[in-house]
Amino acid sequence: RRTGIAESSVYRILAGEAQPDLNSAMRLSEAYDLDIREVMERVVVEAAA
């Protein structure tokens with residue numbers, strides 16, 4: 001509740017069923033003093049040919 005993120009979204013994030021969007025990740029990292037890299041998985045971007 002201290003993050004302002006809907007409980008259903010938090011449950012999906014904690015269960016690994018969803019990744020937080022950037023705003024949610026920032027809120028979680030600030031509220032719980034986490035490194036944002038711990039909250040989100042890196043997505044590899046391939047360069048266009």
# chains A, B, ... in the order shown; residues from 1 in each chain; ligands from 1

$ residues_around --residues "segment 24-26 of chain A" --least-positions-apart "6" --cutoff "10 Å" --atoms "only C-alpha atoms" --output "PyMOL selection string"
chain A and resi 3-6+9-10+13+33-40

$ write_last_selection --atoms "C-alpha atoms" --output "short mmCIF file (atom, residue, chain, number, x, y, z; two decimals), in the first residue's frame"
data_model
loop_
_atom_site.label_atom_id
_atom_site.label_comp_id
_atom_site.auth_asym_id
_atom_site.auth_seq_id
_atom_site.Cartn_x
_atom_site.Cartn_y
_atom_site.Cartn_z
CA THR A 3 3.79 2.19 -3.04
CA GLY A 4 0.39 3.07 -4.49
CA ILE A 5 0.51 -0.02 -6.72
CA ALA A 6 -2.63 -2.15 -7.00
CA SER A 9 -0.35 -6.16 -9.69
CA VAL A 10 1.99 -6.68 -6.75
CA ILE A 13 5.00 -9.26 -9.83
CA ASP A 33 15.24 0.63 -0.61
CA LEU A 34 15.90 -1.82 -3.44
CA ASP A 35 18.22 -1.55 -6.40
CA ILE A 36 15.95 -1.21 -9.44
CA ARG A 37 18.00 -3.94 -11.15
CA GLU A 38 16.69 -6.35 -8.49
CA VAL A 39 13.09 -5.44 -9.32
CA MET A 40 13.21 -5.75 -13.11
#

$ atom_distance --atom1 "atom CA of Glu46 of chain A" --atom2 "atom CA of Ala18 of chain A"
21.8 Å

$ select_by_dssp --residues "chain A" --states "helix (DSSP H, G or I)" --output "VMD selection string"
chain A and resid 7 to 14 22 to 31 36 to 39

$ atom_distance --atom1 "atom CA of Val43 of chain A" --atom2 "atom CA of Arg2 of chain A"
27.5 Å
